[in-house]
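Student: Sharing a structure here in structure tokens format.
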There are 6 protein chains.
Amino acid sequence: MSKLPLLPPTVIEPIIRLALNEDFGTAGDVTANLLIPEKATAKLYFKSRDTGIIAGMQAAVMTYHMIDPSVDLRVLKGDGSAVTKGDVIAEVEGSVRSLLMAERTALNFLGRMSGIATLTSRYVALIAHTKAKIAATRKTTPGLRALEKRAVLAGGGNTHRQSLSDAIMIKDNHIALAGGIEKALSQITENADHMVRVSVEVDTLAQLEKALPFAPHVVLLDNMGPDKLRKAVAIVDAFDGPRPTLEASGGVNLKTVKGLAETGIDIISIGGLTHSATNFDIGLDAAK
Amino acid sequence: MSKLPLLPPTVIEPIIRLALNEDFGTAGDVTANLLIPEKATAKLYFKSRDTGIIAGMQAAVMTYHMIDPSVDLRVLKGDGSAVTKGDVIAEVEGSVRSLLMAERTALNFLGRMSGIATLTSRYVALIAHTKAKIAATRKTTPGLRALEKRAVLAGGGNTHRQSLSDAIMIKDNHIALAGGIEKALSQITENADHMVRVSVEVDTLAQLEKALPFAPHVVLLDNMGPDKLRKAVAIVDAFDGPRPTLEASGGVNLKTVKGLAETGIDIISIGGLTHSATNFDIGLDAAK
Amino acid sequence: MSKLPLLPPTVIEPIIRLALNEDFGTAGDVTANLLIPEKATAKLYFKSRDTGIIAGMQAAVMTYHMIDPSVDLRVLKGDGSAVTKGDVIAEVEGSVRSLLMAERTALNFLGRMSGIATLTSRYVALIAHTKAKIAATRKTTPGLRALEKRAVLAGGGNTHRQSLSDAIMIKDNHIALAGGIEKALSQITENADHMVRVSVEVDTLAQLEKALPFAPHVVLLDNMGPDKLRKAVAIVDAFDGPRPTLEASGGVNLKTVKGLAETGIDIISIGGLTHSATNFDIGLDAAK
Amino acid sequence: MSKLPLLPPTVIEPIIRLALNEDFGTAGDVTANLLIPEKATAKLYFKSRDTGIIAGMQAAVMTYHMIDPSVDLRVLKGDGSAVTKGDVIAEVEGSVRSLLMAERTALNFLGRMSGIATLTSRYVALIAHTKAKIAATRKTTPGLRALEKRAVLAGGGNTHRQSLSDAIMIKDNHIALAGGIEKALSQITENADHMVRVSVEVDTLAQLEKALPFAPHVVLLDNMGPDKLRKAVAIVDAFDGPRPTLEASGGVNLKTVKGLAETGIDIISIGGLTHSATNFDIGLDAAK
Amino acid sequence: MSKLPLLPPTVIEPIIRLALNEDFGTAGDVTANLLIPEKATAKLYFKSRDTGIIAGMQAAVMTYHMIDPSVDLRVLKGDGSAVTKGDVIAEVEGSVRSLLMAERTALNFLGRMSGIATLTSRYVALIAHTKAKIAATRKTTPGLRALEKRAVLAGGGNTHRQSLSDAIMIKDNHIALAGGIEKALSQITENADHMVRVSVEVDTLAQLEKALPFAPHVVLLDNMGPDKLRKAVAIVDAFDGPRPTLEASGGVNLKTVKGLAETGIDIISIGGLTHSATNFDIGLDAAK
Amino acid sequence: MSKLPLLPPTVIEPIIRLALNEDFGTAGDVTANLLIPEKATAKLYFKSRDTGIIAGMQAAVMTYHMIDPSVDLRVLKGDGSAVTKGDVIAEVEGSVRSLLMAERTALNFLGRMSGIATLTSRYVALIAHTKAKIAATRKTTPGLRALEKRAVLAGGGNTHRQSLSDAIMIKDNHIALAGGIEKALSQITENADHMVRVSVEVDTLAQLEKALPFAPHVVLLDNMGPDKLRKAVAIVDAFDGPRPTLEASGGVNLKTVKGLAETGIDIISIGGLTHSATNFDIGLDAAK
């Protein structure tokens, strides 16, 4: 998974800090403080209790580091690694109080991000025989976008637009307010910066035909079934001009994704990768 | 839902700020800036596309407020309200640029929190005929605990411990490191502050019997099926001393919860309420 | 003092950062910059100029660490240690500019926290022959609660409630607004989370008798003298039901505390531990 | 008290935010949420329970504002006002939940700052017949310097240096490291910025005589009794050159201050104004 | 200037807060506090002392708002407006202390941003007869990028890439490390997200010819004079495939820009727009 | 340059964090992530492309440290060093991804600060034969004051007032609002803290004569040419009382500065040092 970025520490530190603050309250781990001797040390094992793809390890490492830099966390299965039940994904050694204090926050990051990576990998596997790619959306958990987008990458997906400022997406509301798709596109063509991509959402094939002459970089085909998508691909193939990337979106699920991917489109974007992934079960155990 | 707290603004502002920062990047909404006239105003409607319980409205309101205090957001279905598909849950009116800029962040909060409230309400409904109550755990999304715990309340559940510092929970790791359940409990009894509750996790009925004489406030019965729980209740009923609250936990799901609740226990705590709830679908539409 | 927690660094870093910012202004230590060569190093000694109990050392260590991680600070008398005039409590070695730059902030933390620990230890000594314990309140210096509560622990006291969210305390205002002590208690009994303690404040013995049947975990006996407290203890002893922890509060001082403690109550909570402790004198000297 | 500054809101907001965060934990005021109806409103009164000078009102107002901007707080006795027991110093009206949620934090600010103002005013009164003025030091509570310096102003004192960067103070450590008072002063004279004041600490009259030719703006006479101070004044009066401001410092208390002030010095600086002031008792009551 | 974005307040608030903190120190405006009565009000005028284009007004407005929301600032010449010496660009009315306290910070924002807008407009005017556009780079003042990019827009320029994460730019270092321009481009073509633009920097015409078959969206022609640029345009015109946007960069100045623009290229990017603009003189005067 | 301060890390960390955040967006360096192998390391060289004085190195070092503490940055030409074209000023070695990720931010700090140091050094050289000194003003880039003042020091200049709170400067607006220069000065004399310097701005020689009897520490002679300044010096020389420091200000440039300095004044303050310095060109190269 060589293209997996190491996120800059400054990008993820604020959300880890928030997470630690909310778990420590004013006094930290009152249970451990009363039961665990200050100097006690131990070695514990992060173990997978499920089958899937790991993600969120960078946040877990940083969580321990922010609590206690003397804790040693060795990653055995980094982000993007496939694991099965019982696999040790990391070993952590140091002050018991520190190990316990950071446990829940580290597990919450790992469980959520590995859940996203695992779900993504299931979609990716279902369409591996086509040229289509799976992409996330901006429907991410507030404050966790960088981590969740990276989890999608770990699962074999693509990130799509990261923020409102790094690409232009003309949606139905914009088209309505701008007075039609042609007005919207011509306004964009004249004014958009040369370093941003332009995507336009179309609900009908008629809109698609109106959009093509403006040479948008991407056309988002919203809520179309396989038949309609196939027609869209045909229209684009027949068009004499630059070919946009074709993206399908809207209500995609594990049952429908194969049919959509086989129509010849390029990208399938799925909000559910991030907004409806469930937890991947990982535990922190005393024994390997 | 009168007991639903209005969270102090200072508690949730940091996560909203992080969410806005990640969605705006350096330049904000480049699409709207190019297409929407600066002075254009509109009225839009948050509409439910599903059946369930609303939560996250306070965060949505604050999201708009932080972007543009002149936007007027009227809440029609506040947190804890039951809605069905098509219900308008809020109206928002003001600068179109502001409405669009905050849309995704507001929807991400509403979708996630309403998903949690709705899932909680399904558990609550299944055990309404018993005395048992549903409770969340600390398995919440990093940085969003206050909002997610509140969403559980909105769905009819209980919050459980909010942080490591506001109650004592003696778990298997603590017991092992302290040298047995009796040593752990006696150490806690001598030293715990009079304002914190003490909970102890037991894996066996033998452990339960050892724990009772120390008068813990709560006993967490970990990973026990209905039969074992019934025996645990019987042991406690027969004990001559203060009765602890009995809490069941571990791998609870929508199929097993009823059987557990009918054993006579007091609390069922479920990590999945927060770590595996899926998105509740809400849209921002131009028409009612 | 094994139960003294090491506070998570993320909890105390913000107040140390504020303290450094206010002491550095825009340019840092202009005097040292003009007088002390950049490479000069020295070893200096934190010395007690008084008799009492040390606290605040964790904040002092972190203050130096945030200024200059290469400074070496060795703690000789950690939090909770008893010292007398002239005792060296820590040695600090490194760049002279760094040593001077952090001096005042470190001393301000040590002086205030050791003042609180010392005052607490005086109260604790006065009632050591009784079963009563001394506890702090929420009357702490804004922004310094975690450190001040820990200083109370260092002096042998208890922390009491850490924040508004980790226990329920029903006070006179709540009772008045809820329509009487019985209404307030029954409302709480039905709705309180199973992981929070419930305390109720009573001003009269009649209120105490009304409160007992609701089985509050703690009863706060407000502003009662020894005679009244003794009667309260007798009422509770005669009550056939769960015995609440009995806490006395209100205007306690070093003269009255012994009389109160000998009445048989469990806890004496004292705002003055934190809001009226005076500075404990510590200096940073060039010679041992 | 016309010279009392209104501190810029950005200066004091961070400490108020810290204070609120530590008091709210994750969930805010769980007691009020369970007992007080969401829409209940009330009017409460901040009343003095002691005689002295008020300070900290700006922080109290901002505390309420940050919790709930709809709360109306009317200040009757602003910072610098003299009050006696029973005086209403402010009225606050609005949502009961908001009133209670902010109560403790607001009172903690008012109690601490009024304590400092009151103590300062006692020193000021004792030396009103002399030309000497009372000044604070940098021995302030970490994070609260701006507020505590303002409280000293409210009590009739002076602020002295605000931070390490806004004036030069040559202390004994600097002198030792620079190789004597003359070397230190000549180095400063050559290099100091024209907009900063230069103060030098002397422990002996011999040092004073060495310092005068360098025309320091201020000479700090450290730990000298009245007799020695009188001799110092005489030396300065006899010196043919610019007269520095003469400041006495070191172990000043309410018994010694008068004698020091009558020696003809200009300034008496007292760490105890801020580091050893005790709480001024203020309550929030339901009735005027 | 309809496409000028209103930056989200959350994006620019942090830099304004830093600016205010550094200008206030611990105590705010000590001069105004001593000389200006607390209740004094005035109306002052921001007046241009030069000819050019205004920018930075949003930051100026927010500066006043953060100090004192009751100050009324009316903008007469918004960002992008052309002004000449003596023009009133804004009126500000309210508490004199507030007006003075925010003055320097507001002027520093306005002077810097208007300097950038004015310099940009000079470049834009010089090439208005060509199809080429002027664009900024990432050579902006640390912490001020959003404001400086917006100032370039106000002056008629384009923003270019906003951050490292919103477009791909393959530079000489990347090419060297990837093993040649063809390897670098093929690696990117396979892996880049469909929503990001790809730009590649070429130093020679030979590199340009190697790059074209990979269909990069933008080719950056680095440090080429007019003759070489004309040849580059001819090569691209003759190429049978998608035409990239052609961008010239490297050492552009007011003397050379016209010659470069007349070669047929699309974009000229200039670091000097932001890193070497000088201040635009604006004053805050008592009279119109 | 021994008097150059090492700024406390806490002072400059916030602006570096802002700078990194704006350059990383949500995902960091997408180009390097796709092209550079995760484990690739390299050694690169910061080289001067111009002749002048280096400043900003501390910020550059901290930028790398915050991204990746394992990067090794060796400074060869520290702040205040004179360099010529081709000089290697620092070597940086480590992960290529880290080197590239921090490159632009580090260069933006170095380029801006070295530009200020270099411009300052040109002014300083022009007046080296006089007793006058060059000083900066508060016309600094918002958020960068500490770094820019330090760059002025590196260039041989003085810092002047750092913030509104560390010295008193009575300007024309204050004088007008206070009712004349004499009223303003007498009000200040009575109330100013003994640790702050007092400066008064005069526009005419008549004002100067009125000001002298109040013994201001500094008189700022605003917008006066050499002749008028010479007269001002004569007036002060003839005055029988304490001599204030004489500072000239207003529209000073590289052509006029010599004439002003030769009049006998002490300080020349120049806003242009910070608000109109242009970038000093430094590159990060693969070869020495």
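Each chain in the structure tokens gets a letter, A, B and so on, in the order shown; residues start at 1 in every chain, and ligands are counted from 1 in the order they appear.
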Taking only C-alpha atoms into account, find every residue of chain F that has an atom no more than 6 Å from chain A, and write it out as a list in words.
Tutor: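 Interface list for chain F against chain A: Thr26, Ala27, Asn33 and Leu34 of chain F.
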Student: Would you kindly return, as an mmCIF file with N, CA and C atoms, in the first residue's frame, each protein, DNA or RNA residue with an atom no farther than 10 Å from any atom of Asn158 in chain D, considering only C-alpha atoms and excluding same-chain residues fewer than 4 positions away?
Tutor:
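The file below, selection.cif, is the result:
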data_model
loop_
_atom_site.group_PDB
_atom_site.id
_atom_site.type_symbol
_atom_site.label_atom_id
_atom_site.label_comp_id
_atom_site.auth_asym_id
_atom_site.auth_seq_id
_atom_site.Cartn_x
_atom_site.Cartn_y
_atom_site.Cartn_z
ATOM 1 N N THR D 120 -5.310 44.438 48.713
ATOM 2 C CA THR D 120 -4.548 45.586 48.220
ATOM 3 C C THR D 120 -5.023 46.871 48.883
ATOM 4 N N LYS D 133 3.696 54.139 46.893
ATOM 5 C CA LYS D 133 2.606 53.395 46.258
ATOM 6 C C LYS D 133 2.839 51.903 46.426
ATOM 7 N N ILE D 134 1.736 51.169 46.406
ATOM 8 C CA ILE D 134 1.778 49.697 46.502
ATOM 9 C C ILE D 134 1.779 49.112 45.094
ATOM 10 N N ALA D 135 2.615 48.116 44.856
ATOM 11 C CA ALA D 135 2.623 47.469 43.538
ATOM 12 C C ALA D 135 2.647 45.956 43.675
ATOM 13 N N ALA D 136 2.078 45.305 42.670
ATOM 14 C CA ALA D 136 2.095 43.842 42.614
ATOM 15 C C ALA D 136 3.431 43.358 42.058
ATOM 16 N N THR D 137 3.576 42.045 41.965
ATOM 17 C CA THR D 137 4.768 41.444 41.356
ATOM 18 C C THR D 137 4.312 40.456 40.269
ATOM 19 N N LYS D 149 -3.685 41.340 38.039
ATOM 20 C CA LYS D 149 -3.080 42.681 38.002
ATOM 21 C C LYS D 149 -4.184 43.741 37.997
ATOM 22 N N ARG D 150 -5.247 43.444 37.260
ATOM 23 C CA ARG D 150 -6.369 44.385 37.224
ATOM 24 C C ARG D 150 -7.037 44.466 38.600
ATOM 25 N N ALA D 151 -7.084 43.360 39.323
ATOM 26 C CA ALA D 151 -7.664 43.379 40.668
ATOM 27 C C ALA D 151 -6.818 44.251 41.598
ATOM 28 N N VAL D 152 -5.503 44.208 41.409
ATOM 29 C CA VAL D 152 -4.637 45.079 42.204
ATOM 30 C C VAL D 152 -4.933 46.551 41.884
ATOM 31 N N LEU D 153 -5.105 46.852 40.604
ATOM 32 C CA LEU D 153 -5.500 48.218 40.230
ATOM 33 C C LEU D 153 -6.827 48.588 40.882
ATOM 34 N N ALA D 154 -7.780 47.668 40.862
ATOM 35 C CA ALA D 154 -9.088 47.957 41.455
ATOM 36 C C ALA D 154 -8.960 48.287 42.935
ATOM 37 N N ILE D 267 7.985 53.173 45.946
ATOM 38 C CA ILE D 267 7.165 51.996 45.608
ATOM 39 C C ILE D 267 7.455 50.885 46.603
ATOM 40 N N ILE D 268 6.386 50.197 47.018
ATOM 41 C CA ILE D 268 6.566 48.972 47.805
ATOM 42 C C ILE D 268 5.886 47.838 47.037
ATOM 43 N N SER D 269 6.686 46.865 46.611
ATOM 44 C CA SER D 269 6.083 45.766 45.836
ATOM 45 C C SER D 269 5.924 44.539 46.715
ATOM 46 N N ASN F 191 -0.322 58.947 36.807
ATOM 47 C CA ASN F 191 -0.917 57.611 36.894
ATOM 48 C C ASN F 191 -0.082 56.473 36.339
ATOM 49 N N ALA F 192 0.923 56.782 35.551
ATOM 50 C CA ALA F 192 1.618 55.682 34.879
ATOM 51 C C ALA F 192 2.376 54.812 35.867
ATOM 52 N N ASP F 193 2.424 53.542 35.568
ATOM 53 C CA ASP F 193 3.169 52.608 36.395
ATOM 54 C C ASP F 193 4.664 52.929 36.325
ATOM 55 N N HIS F 194 5.354 52.671 37.419
ATOM 56 C CA HIS F 194 6.772 53.064 37.454
ATOM 57 C C HIS F 194 7.645 52.198 36.558
ATOM 58 N N MET F 195 7.110 51.119 36.032
ATOM 59 C CA MET F 195 7.923 50.238 35.201
ATOM 60 C C MET F 195 7.686 50.429 33.706
#
Student: Do you have the CA of Gly225 in chain B-CA of Leu260 in chain B distance handy?
Tutor: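 Rounded to one decimal, the two atoms are 7.0 Å apart.
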Student: Please identify all polymer residues within 7 Å of range 89-102 of chain C, counting only C-alpha atoms, omitting same-chain residues fewer than 5 positions from it, and present them as a list in words.
Tutor: Asp29, Ala32, Ile36, Lys39, Ala40, Thr41, Ala42, Lys43, Leu44, Tyr45, Phe46, Lys47, Ser48, Thr63, Tyr64, Ile67, Asp68, Ser70, Val71, Asp72, Leu73, Arg74, Val75, Leu76 and Lys77 of chain C
Student: Find the residues near Gln187 in chain D: any atom within 10 Å, counting only C-alpha atoms, skip ones fewer than 6 places away on the same chain, and give them as a PyMOL selection string.
Tutor: (chain C and resi 34-35) or (chain D and resi 178+181)
Student: Convert the current residue selection to file output with N, CA, C and O atoms, as a tab-separated table (two decimals), in the first residue's frame.
Tutor:
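The resulting file, result-v6.tsv, is shown below:
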chain	number	residue	atom	x	y	z
C	34	LEU	N	19.90	39.84	27.30
C	34	LEU	CA	20.96	40.85	27.23
C	34	LEU	C	22.15	40.52	28.14
C	34	LEU	O	23.27	40.94	27.88
C	35	LEU	N	21.91	39.77	29.20
C	35	LEU	CA	22.97	39.58	30.20
C	35	LEU	C	23.61	38.20	30.20
C	35	LEU	O	24.75	38.04	30.62
D	178	ALA	N	26.76	37.82	35.49
D	178	ALA	CA	27.36	38.82	34.61
D	178	ALA	C	28.70	39.32	35.15
D	178	ALA	O	29.42	40.04	34.46
D	181	ILE	N	27.71	43.99	39.61
D	181	ILE	CA	26.63	44.92	39.28
D	181	ILE	C	27.05	45.95	38.23
D	181	ILE	O	26.27	46.34	37.38
Student: Please list as number ranges by chain every residue within 10 Å of Thr84 in chain F, counting only C-alpha atoms and excluding residues in the same chain fewer than 6 positions away.
Tutor: F: 47-53
Student: Which parts of range 26-203 of chain C does DSSP call strand (DSSP E) when run on the backbone here, written out as a PyMOL selection string?
Tutor: chain C and resi 41-48+52-53+72-75+82-83+88-95+133-135+168-170+198-202
Student: Excluding Ala211 in chain F and residues on its chain fewer than 2 positions from it, collect all residues at most 10 Å away from it, counting only C-alpha atoms, and give them as a ChimeraX atom specification.
Tutor: /F:181-182,184-186,200-202,205-209,213-216,219
Student: I need the residues from that last selection saved to file as a CSV table (one decimal), in the first residue's frame (with N, CA and C atoms), if you can.
Tutor:
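That gives us result-v1.csv:
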chain,number,residue,atom,x,y,z
F,181,ILE,N,-1.5,68.6,24.8
F,181,ILE,CA,-0.4,67.9,25.2
F,181,ILE,C,0.0,68.0,26.7
F,182,GLU,N,-0.3,69.2,27.2
F,182,GLU,CA,0.1,69.3,28.7
F,182,GLU,C,-0.9,68.5,29.5
F,184,ALA,N,-2.5,65.9,28.6
F,184,ALA,CA,-2.2,64.4,28.4
F,184,ALA,C,-1.0,64.0,29.3
F,185,LEU,N,0.0,64.8,29.2
F,185,LEU,CA,1.3,64.5,29.9
F,185,LEU,C,1.1,64.5,31.4
F,186,SER,N,0.3,65.5,31.9
F,186,SER,CA,0.2,65.5,33.4
F,186,SER,C,-0.6,64.3,33.9
F,200,VAL,N,6.1,60.6,24.0
F,200,VAL,CA,5.1,61.5,23.5
F,200,VAL,C,5.4,61.9,22.1
F,201,GLU,N,4.5,61.9,21.2
F,201,GLU,CA,4.7,62.3,19.8
F,201,GLU,C,4.4,63.8,19.7
F,202,VAL,N,5.4,64.6,19.0
F,202,VAL,CA,5.1,66.0,18.8
F,202,VAL,C,5.3,66.3,17.3
F,205,LEU,N,7.7,72.1,17.0
F,205,LEU,CA,8.7,72.5,18.0
F,205,LEU,C,8.1,73.1,19.2
F,206,ALA,N,7.0,73.8,19.0
F,206,ALA,CA,6.2,74.4,20.1
F,206,ALA,C,5.7,73.3,21.0
F,207,GLN,N,5.2,72.2,20.4
F,207,GLN,CA,4.8,71.1,21.3
F,207,GLN,C,5.9,70.5,22.0
F,208,LEU,N,7.1,70.4,21.4
F,208,LEU,CA,8.2,69.9,22.1
F,208,LEU,C,8.6,70.7,23.3
F,209,GLU,N,8.5,72.0,23.2
F,209,GLU,CA,8.8,72.8,24.3
F,209,GLU,C,7.8,72.7,25.5
F,213,PRO,N,9.0,69.9,30.1
F,213,PRO,CA,8.9,70.0,31.6
F,213,PRO,C,8.3,68.8,32.2
F,214,PHE,N,7.6,68.0,31.5
F,214,PHE,CA,6.9,66.8,32.1
F,214,PHE,C,7.9,65.6,32.1
F,215,ALA,N,9.1,65.8,31.6
F,215,ALA,CA,10.1,64.8,31.7
F,215,ALA,C,9.7,63.5,31.0
F,216,PRO,N,9.2,63.5,29.8
F,216,PRO,CA,8.9,62.2,29.2
F,216,PRO,C,10.2,61.5,28.9
F,219,VAL,N,10.8,61.5,23.3
F,219,VAL,CA,9.9,62.4,22.5
F,219,VAL,C,10.1,61.9,21.0
Student: Just the residues within 9 Å of Ala19 in chain D, please, counting only C-alpha atoms, with nothing from its chain fewer than 5 positions along; format it as a PyMOL selection string.
Tutor: (chain C and resi 141-145) or (chain D and resi 14+24+105)
Student: Could you check the closest approach to Leu164 in chain E for each of E:Lys231, E:Lys210, E:Lys131, E:Arg138 and tell me which residue wins, using only C-alpha atoms?
Tutor: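 Checking each candidate against Leu164 in chain E, we get E:Arg138 as the closest.
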Student: Apply DSSP to the structure's backbone, then extract all residues of range 88-218 of chain E labelled alpha helix (DSSP H) and return them as an MDAnalysis selection string.
Tutor: chainID E and resid 96:126 145:154 172:178 181:191 205:211
